[in-house]
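Trainee: Here you go, this is final.tsv (TSV, C-alpha atoms and all ligand atoms).
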```
chain	number	residue	atom	x	y	z
A	137	MET	CA	74.20	146.98	198.00
A	138	GLU	CA	74.84	143.62	196.42
A	139	SER	CA	72.40	141.28	194.76
A	140	ILE	CA	71.78	138.17	196.82
A	141	PHE	CA	71.78	136.25	193.52
A	142	ASP	CA	75.53	136.91	193.14
A	143	TYR	CA	76.25	134.64	196.08
A	144	LYS	CA	77.15	130.96	196.01
A	145	LEU	CA	75.87	129.10	199.05
A	146	ASP	CA	79.34	128.86	200.62
A	147	ASP	CA	79.93	132.59	200.05
A	148	LEU	CA	76.63	133.33	201.75
A	149	ILE	CA	77.64	131.16	204.70
A	150	THR	CA	80.95	133.05	204.99
A	151	TYR	CA	79.13	136.37	204.85
A	152	LEU	CA	76.64	135.28	207.50
A	153	GLU	CA	79.48	134.25	209.81
A	154	LYS	CA	80.51	137.90	209.87
A	155	LEU	CA	77.04	138.73	211.15
A	156	ASN	CA	77.35	135.94	213.73
A	157	ALA	CA	74.60	134.03	211.99
A	158	LYS	CA	74.57	130.25	211.59
A	159	PRO	CA	75.23	128.50	208.25
A	160	PHE	CA	71.69	127.11	208.14
A	161	VAL	CA	70.40	130.65	207.60
A	162	ALA	CA	72.11	130.57	204.20
A	163	LYS	CA	70.14	127.44	203.41
A	164	GLN	CA	66.94	129.13	204.56
A	165	LEU	CA	67.69	132.06	202.28
A	166	TYR	CA	68.36	129.74	199.34
A	167	ASP	CA	65.12	127.96	200.11
A	168	TRP	CA	63.11	131.20	200.04
A	169	ILE	CA	64.59	132.55	196.84
A	170	TYR	CA	65.29	129.43	194.76
A	171	LYS	CA	62.73	126.91	195.96
A	172	LYS	CA	59.81	129.08	197.11
A	173	ARG	CA	60.67	131.94	194.76
A	174	VAL	CA	59.79	134.59	197.32
A	175	PHE	CA	61.75	137.77	196.68
A	176	ASP	CA	60.96	139.84	199.77
A	177	PHE	CA	63.01	139.79	203.01
A	178	ASP	CA	59.93	140.71	205.05
A	179	GLN	CA	58.37	137.38	204.17
A	180	PHE	CA	61.33	135.30	205.40
A	181	THR	CA	59.54	134.65	208.66
A	182	ASN	CA	61.79	131.81	209.85
A	183	ILE	CA	64.73	134.24	209.97
A	184	LYS	CA	64.95	136.52	213.00
A	185	LEU	CA	63.73	140.05	212.38
A	186	GLU	CA	66.99	141.62	213.55
A	187	LEU	CA	69.03	139.51	211.15
A	188	ARG	CA	66.60	140.19	208.33
A	189	GLU	CA	67.09	143.93	208.88
A	190	LYS	CA	70.87	143.49	208.66
A	191	LEU	CA	70.54	141.45	205.50
A	192	LYS	CA	68.31	144.11	203.96
A	193	GLU	CA	71.04	146.68	204.54
A	194	HIS	CA	73.52	144.66	202.51
A	195	PHE	CA	71.50	142.74	199.91
A	196	HIS	CA	68.77	143.47	197.45
A	197	ILE	CA	66.58	140.79	195.85
A	198	ASP	CA	65.52	142.86	192.85
A	199	MET	CA	64.56	141.08	189.66
A	200	LEU	CA	65.43	142.23	186.15
A	201	VAL	CA	62.92	144.25	184.17
A	202	MET	CA	61.33	142.58	181.17
A	203	ARG	CA	61.47	145.17	178.41
A	204	ARG	CA	60.26	143.05	175.52
A	205	LYS	CA	59.14	139.53	174.82
A	206	GLN	CA	58.63	137.85	171.48
A	207	GLU	CA	56.82	134.55	171.38
A	208	SER	CA	56.76	131.99	168.66
A	209	HIS	CA	55.92	128.32	168.42
A	210	LEU	CA	59.18	126.92	169.78
A	211	THR	CA	60.87	129.92	171.36
A	212	ASN	CA	60.34	132.89	173.58
A	213	LYS	CA	62.85	135.63	173.24
A	214	TYR	CA	63.31	138.11	176.08
A	215	LEU	CA	64.94	141.51	176.31
A	216	PHE	CA	65.85	142.31	179.92
A	217	GLU	CA	66.95	145.56	181.48
A	218	LEU	CA	69.66	145.39	184.15
A	219	ASP	CA	69.79	147.57	187.28
A	220	ASP	CA	71.99	150.10	185.45
A	221	GLY	CA	69.77	150.26	182.37
A	222	ASN	CA	71.86	148.04	180.10
A	223	LEU	CA	69.97	145.56	177.94
A	224	ILE	CA	70.59	141.85	177.46
A	225	GLU	CA	68.78	138.93	175.87
A	226	ALA	CA	67.81	135.42	176.83
A	227	VAL	CA	65.93	132.80	174.85
A	228	LEU	CA	63.66	129.98	175.95
A	229	MET	CA	63.63	126.97	173.63
A	230	ARG	CA	61.16	124.11	173.65
A	231	HIS	CA	62.71	120.77	172.71
A	232	ASP	CA	61.21	117.26	172.68
A	233	TYR	CA	63.28	116.52	175.77
A	234	GLY	CA	62.31	119.61	177.76
A	235	LEU	CA	62.88	123.33	178.08
A	236	SER	CA	66.22	125.05	177.78
A	237	ILE	CA	67.36	128.62	178.24
A	238	CYS	CA	70.13	130.41	176.40
A	239	VAL	CA	71.62	133.11	178.65
A	240	SER	CA	73.85	136.11	177.96
A	241	SER	CA	77.19	136.45	179.74
A	242	GLN	CA	78.18	140.05	178.89
A	243	VAL	CA	76.63	143.28	177.64
A	244	GLY	CA	78.01	143.11	174.08
A	245	CYS	CA	81.16	141.23	173.13
A	246	ASN	CA	84.75	142.19	172.33
A	247	MET	CA	85.67	139.17	170.23
A	248	GLY	CA	84.45	140.85	167.06
A	249	CYS	CA	83.47	137.83	164.95
A	250	SER	CA	82.52	139.31	161.60
A	251	PHE	CA	79.17	137.52	161.27
A	252	CYS	CA	77.83	138.29	164.77
A	253	GLU	CA	75.57	141.09	165.99
A	254	SER	CA	76.82	140.89	169.58
A	255	GLY	CA	80.37	141.44	168.45
A	256	ARG	CA	79.40	144.36	166.26
A	257	LEU	CA	78.28	146.33	169.29
A	258	LYS	CA	81.39	145.79	171.49
A	259	LYS	CA	81.44	144.93	175.15
A	260	VAL	CA	80.00	147.44	177.60
A	261	ARG	CA	80.63	145.30	180.69
A	262	ASP	CA	80.66	141.80	182.13
A	263	LEU	CA	77.52	140.40	183.71
A	264	LEU	CA	77.56	139.55	187.39
A	265	PRO	CA	76.69	135.97	188.35
A	266	GLY	CA	73.32	137.07	189.71
A	267	GLU	CA	72.43	138.87	186.51
A	268	ILE	CA	72.80	135.58	184.67
A	269	VAL	CA	70.95	133.64	187.39
A	270	ARG	CA	68.08	136.12	187.21
A	271	GLN	CA	67.63	135.57	183.46
A	272	ILE	CA	66.55	132.05	184.40
A	273	LEU	CA	64.36	133.12	187.33
A	274	MET	CA	62.61	135.74	185.17
A	275	ILE	CA	61.81	133.26	182.41
A	276	GLU	CA	60.66	130.51	184.78
A	277	ASP	CA	58.39	133.03	186.45
A	278	ASP	CA	57.02	134.14	183.10
A	279	ILE	CA	56.19	130.65	181.82
A	280	LYS	CA	55.31	129.16	185.22
A	281	GLU	CA	57.37	126.09	184.35
A	282	ARG	CA	60.79	124.81	185.32
A	283	ILE	CA	63.50	124.43	182.72
A	284	SER	CA	65.86	121.47	182.48
A	285	SER	CA	68.94	122.80	180.72
A	286	VAL	CA	70.99	125.95	180.25
A	287	VAL	CA	73.34	127.01	177.48
A	288	VAL	CA	75.64	130.01	177.83
A	289	MET	CA	75.35	131.00	174.18
A	290	GLY	CA	73.67	134.40	174.31
A	291	ILE	CA	75.39	137.76	174.06
A	292	GLY	CA	79.03	137.75	175.16
A	293	GLU	CA	82.10	135.55	175.39
A	294	PRO	CA	81.70	133.57	178.64
A	295	PHE	CA	85.41	132.81	178.97
A	296	ASP	CA	86.10	136.56	178.89
A	297	ASN	CA	84.04	136.65	182.11
A	298	TYR	CA	85.36	133.41	183.53
A	299	ASP	CA	85.05	133.81	187.31
A	300	ASN	CA	81.49	135.11	187.15
A	301	ILE	CA	80.46	132.29	184.82
A	302	MET	CA	81.89	129.70	187.19
A	303	LYS	CA	80.03	131.28	190.11
A	304	PHE	CA	76.85	131.32	188.03
A	305	ILE	CA	77.27	127.62	187.26
A	306	ARG	CA	77.80	126.71	190.89
A	307	ILE	CA	74.74	128.71	191.98
A	308	ILE	CA	72.34	127.12	189.48
A	309	ASN	CA	73.89	123.66	189.92
A	310	ASP	CA	73.51	123.73	193.71
A	311	PRO	CA	70.86	121.20	194.82
A	312	LEU	CA	69.56	123.89	197.18
A	313	GLY	CA	69.55	126.45	194.35
A	314	ILE	CA	67.87	126.06	190.97
A	315	ALA	CA	69.38	122.54	190.92
A	316	ILE	CA	70.15	122.22	187.22
A	317	GLY	CA	72.31	119.15	186.69
A	318	ALA	CA	75.86	119.85	185.53
A	319	ARG	CA	75.34	117.59	182.52
A	320	HIS	CA	72.56	119.93	181.45
A	321	ILE	CA	74.77	123.03	181.46
A	322	THR	CA	76.83	123.98	178.39
A	323	VAL	CA	79.28	126.83	177.95
A	324	SER	CA	80.15	127.96	174.42
A	325	THR	CA	83.42	129.74	173.67
A	326	SER	CA	84.99	131.26	170.59
A	327	GLY	CA	88.20	129.54	171.66
A	328	LEU	CA	90.08	131.28	174.47
A	329	VAL	CA	92.69	128.56	174.89
A	330	PRO	CA	93.99	129.37	178.41
A	331	MET	CA	90.42	129.36	179.71
A	332	ILE	CA	89.60	126.06	178.01
A	333	ARG	CA	92.55	124.60	179.91
A	334	ARG	CA	91.25	126.12	183.14
A	335	TYR	CA	87.72	124.89	182.52
A	336	ALA	CA	89.10	121.37	182.01
A	337	LYS	CA	90.43	121.43	185.54
A	338	GLU	CA	87.21	122.56	187.22
A	339	ASP	CA	85.63	119.82	189.23
A	340	LEU	CA	82.42	119.92	187.17
A	341	GLN	CA	80.52	117.65	184.82
A	342	THR	CA	79.34	120.53	182.63
A	343	ASN	CA	79.71	120.60	178.85
A	344	LEU	CA	81.92	122.57	176.50
A	345	ALA	CA	81.03	123.84	173.03
A	346	ILE	CA	83.60	125.41	170.72
A	347	SER	CA	82.68	127.88	167.99
A	348	LEU	CA	85.05	126.65	165.31
A	349	HIS	CA	83.27	127.81	162.14
A	350	ALA	CA	86.25	127.15	159.83
A	351	PRO	CA	88.66	124.25	159.28
A	352	ASN	CA	91.84	126.27	158.59
A	353	ASP	CA	93.58	129.38	159.90
A	354	VAL	CA	93.26	131.50	156.75
A	355	LEU	CA	89.50	131.21	156.71
A	356	ARG	CA	89.01	131.25	160.47
A	357	THR	CA	91.10	134.40	160.93
A	358	LYS	CA	88.97	136.08	158.27
A	359	ILE	CA	85.75	135.57	160.20
A	360	MET	CA	87.01	135.29	163.79
A	361	LYS	CA	89.82	137.57	164.83
A	362	VAL	CA	90.33	135.55	168.03
A	363	ASN	CA	92.03	133.03	165.73
A	364	LYS	CA	95.05	135.34	165.46
A	365	ALA	CA	95.66	134.98	169.18
A	366	TYR	CA	94.72	131.30	169.37
A	367	PRO	CA	95.13	129.58	166.01
A	368	ILE	CA	93.52	126.24	165.20
A	369	GLU	CA	96.48	124.04	166.08
A	370	GLU	CA	96.67	125.47	169.59
A	371	LEU	CA	92.90	125.39	169.95
A	372	MET	CA	92.77	121.71	168.92
A	373	LYS	CA	95.54	120.89	171.37
A	374	SER	CA	93.56	122.43	174.23
A	375	ILE	CA	90.40	120.58	173.13
A	376	LYS	CA	92.29	117.28	173.13
A	377	GLU	CA	93.63	118.04	176.60
A	378	TYR	CA	90.11	118.88	177.77
A	379	ILE	CA	88.77	115.57	176.44
A	380	ALA	CA	91.65	113.62	177.99
A	381	LEU	CA	91.15	115.25	181.39
A	382	THR	CA	87.35	115.24	181.58
A	383	ASN	CA	86.46	112.29	179.39
A	384	ARG	CA	83.59	114.41	178.09
A	385	ARG	CA	82.45	114.83	174.52
A	386	VAL	CA	82.93	118.32	173.09
A	387	THR	CA	80.46	120.06	170.77
A	388	ILE	CA	81.95	121.77	167.73
A	389	GLU	CA	79.73	124.57	166.46
A	390	TYR	CA	79.95	125.42	162.78
A	391	VAL	CA	77.82	128.26	161.46
A	392	MET	CA	77.01	127.74	157.77
A	393	LEU	CA	77.83	130.93	155.83
A	394	LYS	CA	76.97	130.91	152.14
A	395	ASP	CA	80.05	130.80	149.88
A	396	VAL	CA	82.34	131.38	152.86
A	397	ASN	CA	82.79	128.11	154.73
A	398	ASP	CA	80.12	125.81	153.31
A	399	ASP	CA	81.71	123.94	150.39
A	400	LEU	CA	82.77	120.30	150.35
A	401	LYS	CA	86.43	121.21	150.49
A	402	CYS	CA	85.76	122.76	153.92
A	403	ALA	CA	83.73	119.72	154.94
A	404	LYS	CA	86.58	117.34	154.06
A	405	GLU	CA	89.13	119.52	155.79
A	406	LEU	CA	86.92	119.68	158.88
A	407	GLY	CA	86.52	115.91	158.74
A	408	SER	CA	90.26	115.31	158.85
A	409	LEU	CA	90.78	117.93	161.56
A	410	LEU	CA	88.28	116.20	163.85
A	411	LYS	CA	88.87	112.58	162.90
A	412	GLY	CA	89.05	110.21	165.87
A	413	LEU	CA	88.18	112.85	168.45
A	414	ASN	CA	85.35	112.54	170.96
A	415	VAL	CA	83.40	115.45	169.44
A	416	TYR	CA	80.20	116.05	167.58
A	417	VAL	CA	79.60	118.79	165.09
A	418	ASN	CA	76.53	121.00	165.25
A	419	LEU	CA	75.90	122.71	161.92
A	420	ILE	CA	74.13	126.02	162.56
A	421	PRO	CA	72.09	127.60	159.76
A	422	TYR	CA	73.20	131.24	159.76
A	423	ASN	CA	70.65	133.72	161.00
A	424	GLU	CA	70.86	136.65	158.61
A	425	THR	CA	70.90	140.16	160.04
A	426	SER	CA	70.32	143.43	158.28
A	427	HIS	CA	73.65	144.99	159.31
A	428	ILE	CA	75.92	142.16	158.20
A	429	GLU	CA	76.38	140.95	154.64
A	430	TYR	CA	76.74	137.21	155.18
A	431	LYS	CA	74.01	134.98	153.81
A	432	LYS	CA	72.70	131.69	155.02
A	433	SER	CA	73.83	128.54	153.21
A	434	SER	CA	71.19	126.78	151.15
A	435	ASN	CA	69.60	123.68	152.63
A	436	GLU	CA	71.19	121.63	149.85
A	437	ASN	CA	74.66	122.85	150.81
A	438	ILE	CA	74.02	122.20	154.47
A	439	MET	CA	72.86	118.65	153.72
A	440	ALA	CA	75.81	117.97	151.39
A	441	PHE	CA	78.19	119.24	154.10
A	442	TYR	CA	76.41	117.04	156.62
A	443	ASP	CA	76.65	113.95	154.40
A	444	CYS	CA	80.33	114.54	153.76
A	445	LEU	CA	81.12	114.70	157.48
A	446	LYS	CA	78.99	111.60	158.11
A	447	LYS	CA	80.87	109.69	155.40
A	448	ASN	CA	84.11	110.67	157.10
A	449	GLY	CA	82.92	109.13	160.34
A	450	ILE	CA	82.13	112.38	162.18
A	451	ASN	CA	79.08	112.67	164.46
A	452	VAL	CA	77.05	115.55	163.14
A	453	THR	CA	73.65	117.20	163.57
A	454	VAL	CA	71.98	120.21	161.98
A	455	ARG	CA	70.58	122.69	164.48
A	456	ARG	CA	66.89	123.16	164.19
A	457	GLU	CA	66.20	126.76	163.27
A	458	PHE	CA	64.82	128.25	166.37
A	459	GLY	CA	63.62	131.65	165.53
A	460	SER	CA	64.95	133.50	162.57
A	461	ASN	CA	61.47	134.99	162.43
A	462	ILE	CA	61.83	136.56	165.86
A	463	ASP	CA	65.42	137.85	165.81
A	464	ALA	CA	66.46	134.81	167.80
A	465	ALA	CA	70.16	134.73	167.10
A	466	CYS	CA	72.74	136.17	169.35
A	467	GLY	CA	72.32	139.87	169.99
A	468	GLN	CA	69.82	140.85	167.36
A	469	LEU	CA	67.00	141.96	169.62
A	470	ARG	CA	69.36	144.01	171.75
A	471	ALA	CA	70.89	145.60	168.65
A	472	SER	CA	67.46	146.55	167.35
A	473	GLU	CA	66.70	148.27	170.64
A	474	VAL	CA	70.08	149.92	171.33
A	475	GLU	CA	70.22	151.40	167.82
A	476	LYS	CA	66.67	152.76	167.76
B	501	LIG	N1	80.73	133.94	172.46
B	501	LIG	C1	80.44	132.57	172.53
B	501	LIG	C2	79.01	132.27	172.91
B	501	LIG	C3	77.96	133.15	172.35
B	501	LIG	S1	77.72	133.05	170.60
B	501	LIG	C4	80.79	131.88	171.24
B	501	LIG	O1	81.08	132.57	170.27
B	501	LIG	O2	80.81	130.66	171.22
B	501	LIG	C5	76.87	131.51	170.44
B	501	LIG	C6	76.95	130.89	169.05
B	501	LIG	O3	76.12	131.62	168.13
B	501	LIG	C7	78.34	130.90	168.47
B	501	LIG	O4	78.65	129.65	167.91
B	501	LIG	C8	78.22	131.96	167.40
B	501	LIG	O5	79.19	131.81	166.42
B	501	LIG	C9	76.82	131.79	166.91
B	501	LIG	N2	76.27	132.92	166.17
B	501	LIG	C10	76.54	134.23	166.29
B	501	LIG	N3	75.81	134.96	165.42
B	501	LIG	C11	75.04	134.08	164.73
B	501	LIG	C12	74.06	134.20	163.70
B	501	LIG	N4	73.72	135.39	163.21
B	501	LIG	N5	73.48	133.09	163.23
B	501	LIG	C13	73.80	131.87	163.74
B	501	LIG	N6	74.70	131.69	164.71
B	501	LIG	C14	75.32	132.78	165.20
B	502	LIG	FE1	81.30	137.27	170.66
B	502	LIG	FE2	80.50	134.75	170.27
B	502	LIG	FE3	79.53	136.79	168.79
B	502	LIG	FE4	82.03	136.00	168.43
B	502	LIG	S1	80.19	134.79	168.05
B	502	LIG	S2	81.34	138.12	168.59
B	502	LIG	S3	82.61	135.47	170.50
B	502	LIG	S4	79.25	136.49	170.97
```
As structure tokens, how would this structure be written, given the file I've shared?

Mentor:
Amino acid sequence: MESIFDYKLDDLITYLEKLNAKPFVAKQLYDWIYKKRVFDFDQFTNIKLELREKLKEHFHIDMLVMRRKQESHLTNKYLFELDDGNLIEAVLMRHDYGLSICVSSQVGCNMGCSFCESGRLKKVRDLLPGEIVRQILMIEDDIKERISSVVVMGIGEPFDNYDNIMKFIRIINDPLGIAIGARHITVSTSGLVPMIRRYAKEDLQTNLAISLHAPNDVLRTKIMKVNKAYPIEELMKSIKEYIALTNRRVTIEYVMLKDVNDDLKCAKELGSLLKGLNVYVNLIPYNETSHIEYKKSSNENIMAFYDCLKKNGINVTVRREFGSNIDAACGQLRASEVEK
């Protein structure tokens, strides 16, 4: 059995051809599940009974199971259980401009960044496209509202699960699907250079965010072992190529770790690294976790870092702290559950 949520519309059409069914049936199916949000084949009354029975033999429309939910003023954090019992997280964030969801792309992560809970627990497996799609459906059902943007910044390294992420994007971007505009979809990577190059060539208007977190190789390798495979010079080259090909602005994420990467020397170095590029820097206050020793930079240091980048002509913002009170950073809720 496969999940119907793993299927792009064109894949569904191809599958239906094998059953001698017309392409418009795929559109009817999309309409039932993504527009009407009906998750029961027996209710798809405009599809012939015989065909429905065949579809039921091949597909399931099961949802995820909500294991935990933590609500605070600006965020809801969800712990979902997959069909095989694995746990993942997704976060709903309320912004002035609308609602966004941060989805997970893998169960755990193999990149092993030293400050990150998801990396500490290693990858168990990749998520299927439909398991990422269903994180959105579950949350929209819970809040009875529609969201406007999606960031792939939860547990996992999306570019280590490239094909499934691309399928996921095409499913939610489809006007007959959840219909989230490409410009409202952002993928964040720790810097897998070959995949950045591939992403640049996709015919998509989606956004790219790079977890840089350090302005030089010595420091970056210390906190992100992926830097050994793809050092900064190579990473910057691929980012420049991406910008040249897509003409899109890239987000540079920089997590502020106390006494590690938050002094003015780092700020200046970062400024010269990024000078003249079509990027903006998002400074992320570190979310402390009990298993990892790093501390969060002081607000004064974050503001001084911010001012220094500004003075050097770099576009920069400080990420609003979304939910340190509810384990909102990457992987913390899952870790608290898995390690019980
Ligand atoms: N693997 C991808 C996407 C998921 S991580 C990536 O690394 O880009 C999403 C972002 O959260 C990354 O920038 C990551 O460095 C950051 N992050 C991880 N743990 C964090 C923490 N405890 N506090 C703040 N940001 C964190
Ligand atoms: Fe993986 Fe991203 Fe965490 Fe690094 S920061 S371990 S790449 S999830």

Trainee: How big is the axis-aligned box around all listed atoms of ligand LIG 501 (chain B) once 5 Å goes on each side, and where's its centre, in Å to one decimal, as lines of an AutoDock Vina configuration file?

Mentor:
```
center_x = 77.3
center_y = 132.5
center_z = 168.1
size_x = 17.6
size_y = 15.7
size_z = 19.7
```

Trainee: Which polymer residues have any atom within 10 Å of an atom of Phe295 of chain A, counting only C-alpha atoms, with same-chain residues fewer than 4 positions away left out, as an NGL selection string?

Mentor: :A and (241 or 299-302 or 323-332 or 334-335)

Trainee: With a distance cut-off of 12 Å and all atoms listed in the file, select the neighbouring residues of Ile279 of chain A, excluding the residue or stretch itself and same-chain residues fewer than 2 positions from it, and output the selection as an MDAnalysis selection string.

Mentor: chainID A and resid 205 207 211:214 228:230 235 237 272:277 281:283

Trainee: Under the rule that all atoms listed in the file are counted, which of A:Ile368, A:Ala318, A:Cys444, A:Val454 is the nearest residue to Val417 of chain A?

Mentor: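 Of all the options, A:Val454 lies closest to Val417 of chain A.
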
Trainee: Chain A near ligand LIG 502 (chain B) within 10 Å: what's each residue's closest atom pair and its distance in Å to one decimal, counting all atoms listed in the file, ordered by chain then ascending residue number, as JSON lines?

Mentor:
```
{"residue": "A:Ser240", "atom": "CA", "partner": "B:LIG502", "partner_atom": "S4", "distance": 8.8}
{"residue": "A:Ser241", "atom": "CA", "partner": "B:LIG502", "partner_atom": "S4", "distance": 9.0}
{"residue": "A:Gln242", "atom": "CA", "partner": "B:LIG502", "partner_atom": "S4", "distance": 8.7}
{"residue": "A:Val243", "atom": "CA", "partner": "B:LIG502", "partner_atom": "S4", "distance": 9.9}
{"residue": "A:Gly244", "atom": "CA", "partner": "B:LIG502", "partner_atom": "S4", "distance": 7.4}
{"residue": "A:Cys245", "atom": "CA", "partner": "B:LIG502", "partner_atom": "FE1", "distance": 4.7}
{"residue": "A:Asn246", "atom": "CA", "partner": "B:LIG502", "partner_atom": "FE1", "distance": 6.2}
{"residue": "A:Met247", "atom": "CA", "partner": "B:LIG502", "partner_atom": "S2", "distance": 4.7}
{"residue": "A:Gly248", "atom": "CA", "partner": "B:LIG502", "partner_atom": "S2", "distance": 4.4}
{"residue": "A:Cys249", "atom": "CA", "partner": "B:LIG502", "partner_atom": "FE4", "distance": 4.2}
{"residue": "A:Ser250", "atom": "CA", "partner": "B:LIG502", "partner_atom": "S2", "distance": 7.2}
{"residue": "A:Phe251", "atom": "CA", "partner": "B:LIG502", "partner_atom": "S1", "distance": 7.4}
{"residue": "A:Cys252", "atom": "CA", "partner": "B:LIG502", "partner_atom": "FE3", "distance": 4.6}
{"residue": "A:Glu253", "atom": "CA", "partner": "B:LIG502", "partner_atom": "FE3", "distance": 6.5}
{"residue": "A:Ser254", "atom": "CA", "partner": "B:LIG502", "partner_atom": "FE3", "distance": 5.0}
{"residue": "A:Gly255", "atom": "CA", "partner": "B:LIG502", "partner_atom": "S2", "distance": 3.5}
{"residue": "A:Arg256", "atom": "CA", "partner": "B:LIG502", "partner_atom": "S2", "distance": 6.9}
{"residue": "A:Leu257", "atom": "CA", "partner": "B:LIG502", "partner_atom": "S2", "distance": 8.8}
{"residue": "A:Lys258", "atom": "CA", "partner": "B:LIG502", "partner_atom": "S2", "distance": 8.2}
{"residue": "A:Lys259", "atom": "CA", "partner": "B:LIG502", "partner_atom": "FE1", "distance": 8.9}
{"residue": "A:Met289", "atom": "CA", "partner": "B:LIG502", "partner_atom": "S4", "distance": 7.5}
{"residue": "A:Gly290", "atom": "CA", "partner": "B:LIG502", "partner_atom": "S4", "distance": 6.8}
{"residue": "A:Ile291", "atom": "CA", "partner": "B:LIG502", "partner_atom": "S4", "distance": 5.1}
{"residue": "A:Gly292", "atom": "CA", "partner": "B:LIG502", "partner_atom": "S4", "distance": 4.4}
{"residue": "A:Glu293", "atom": "CA", "partner": "B:LIG502", "partner_atom": "S3", "distance": 4.9}
{"residue": "A:Pro294", "atom": "CA", "partner": "B:LIG502", "partner_atom": "S3", "distance": 8.4}
{"residue": "A:Phe295", "atom": "CA", "partner": "B:LIG502", "partner_atom": "S3", "distance": 9.3}
{"residue": "A:Asp296", "atom": "CA", "partner": "B:LIG502", "partner_atom": "S3", "distance": 9.2}
{"residue": "A:Ser324", "atom": "CA", "partner": "B:LIG502", "partner_atom": "FE2", "distance": 8.0}
{"residue": "A:Thr325", "atom": "CA", "partner": "B:LIG502", "partner_atom": "S3", "distance": 6.6}
{"residue": "A:Ser326", "atom": "CA", "partner": "B:LIG502", "partner_atom": "S3", "distance": 4.8}
{"residue": "A:Gly327", "atom": "CA", "partner": "B:LIG502", "partner_atom": "S3", "distance": 8.2}
{"residue": "A:Leu328", "atom": "CA", "partner": "B:LIG502", "partner_atom": "S3", "distance": 9.4}
{"residue": "A:Ile346", "atom": "CA", "partner": "B:LIG502", "partner_atom": "FE2", "distance": 9.9}
{"residue": "A:Ser347", "atom": "CA", "partner": "B:LIG502", "partner_atom": "S1", "distance": 7.3}
{"residue": "A:Leu348", "atom": "CA", "partner": "B:LIG502", "partner_atom": "S1", "distance": 9.9}
{"residue": "A:His349", "atom": "CA", "partner": "B:LIG502", "partner_atom": "S1", "distance": 9.7}
{"residue": "A:Ile359", "atom": "CA", "partner": "B:LIG502", "partner_atom": "FE4", "distance": 9.0}
{"residue": "A:Met360", "atom": "CA", "partner": "B:LIG502", "partner_atom": "FE4", "distance": 6.8}
{"residue": "A:Lys361", "atom": "CA", "partner": "B:LIG502", "partner_atom": "FE4", "distance": 8.7}
{"residue": "A:Val362", "atom": "CA", "partner": "B:LIG502", "partner_atom": "S3", "distance": 8.1}
{"residue": "A:Val391", "atom": "CA", "partner": "B:LIG502", "partner_atom": "S1", "distance": 9.6}
{"residue": "A:Ala465", "atom": "CA", "partner": "B:LIG502", "partner_atom": "FE3", "distance": 9.7}
{"residue": "A:Cys466", "atom": "CA", "partner": "B:LIG502", "partner_atom": "S4", "distance": 6.7}
{"residue": "A:Gly467", "atom": "CA", "partner": "B:LIG502", "partner_atom": "S4", "distance": 7.8}
```

Trainee: Store the residues picked out above, limited to C-alpha atoms, as a compact mmCIF listing (two decimals), keeping the file's coordinate frame.

Mentor:
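Here's the written file result-v8.txt:
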```
# COMPACT_ATOMS: atom_id res chain seq x y z
CA SER A 240 73.85 136.11 177.96
CA SER A 241 77.19 136.45 179.74
CA GLN A 242 78.18 140.05 178.89
CA VAL A 243 76.63 143.28 177.64
CA GLY A 244 78.01 143.11 174.08
CA CYS A 245 81.16 141.23 173.13
CA ASN A 246 84.75 142.19 172.33
CA MET A 247 85.67 139.17 170.23
CA GLY A 248 84.45 140.85 167.06
CA CYS A 249 83.47 137.83 164.95
CA SER A 250 82.52 139.31 161.60
CA PHE A 251 79.17 137.52 161.27
CA CYS A 252 77.83 138.29 164.77
CA GLU A 253 75.57 141.09 165.99
CA SER A 254 76.82 140.89 169.58
CA GLY A 255 80.37 141.44 168.45
CA ARG A 256 79.40 144.36 166.26
CA LEU A 257 78.28 146.33 169.29
CA LYS A 258 81.39 145.79 171.49
CA LYS A 259 81.44 144.93 175.15
CA MET A 289 75.35 131.00 174.18
CA GLY A 290 73.67 134.40 174.31
CA ILE A 291 75.39 137.76 174.06
CA GLY A 292 79.03 137.75 175.16
CA GLU A 293 82.10 135.55 175.39
CA PRO A 294 81.70 133.57 178.64
CA PHE A 295 85.41 132.81 178.97
CA ASP A 296 86.10 136.56 178.89
CA SER A 324 80.15 127.96 174.42
CA THR A 325 83.42 129.74 173.67
CA SER A 326 84.99 131.26 170.59
CA GLY A 327 88.20 129.54 171.66
CA LEU A 328 90.08 131.28 174.47
CA ILE A 346 83.60 125.41 170.72
CA SER A 347 82.68 127.88 167.99
CA LEU A 348 85.05 126.65 165.31
CA HIS A 349 83.27 127.81 162.14
CA ILE A 359 85.75 135.57 160.20
CA MET A 360 87.01 135.29 163.79
CA LYS A 361 89.82 137.57 164.83
CA VAL A 362 90.33 135.55 168.03
CA VAL A 391 77.82 128.26 161.46
CA ALA A 465 70.16 134.73 167.10
CA CYS A 466 72.74 136.17 169.35
CA GLY A 467 72.32 139.87 169.99
```

Trainee: Nearest to Pro311 of chain A: which of A:Arg385, A:Ala226, A:Ile140, A:Tyr170 is it, counting all atoms listed in the file?

Mentor: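 Selected residue with least distance to Pro311 of chain A: A:Tyr170.
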
Trainee: For Leu409 of chain A, which residue out of A:Glu369, A:Asp219, A:Glu377, A:Asp232 is the nearest one, using only C-alpha atoms?

Mentor: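 Among the listed residues, A:Glu369 lies closest to Leu409 of chain A.
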
Trainee: So which one's closest to Ile379 of chain A, A:Glu225, A:Ser408, A:Asn343, A:Lys158? Using only C-alpha atoms, please.

Mentor: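 The answer is A:Asn343, which sits nearest to Ile379 of chain A.
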
Trainee: In terms of the shortest atom-to-atom distance over all atoms listed in the file, which of A:Thr322, A:Thr342, A:Asn352, A:Asn423 is closest to ligand LIG 501 (chain B)?

Mentor: A:Asn423
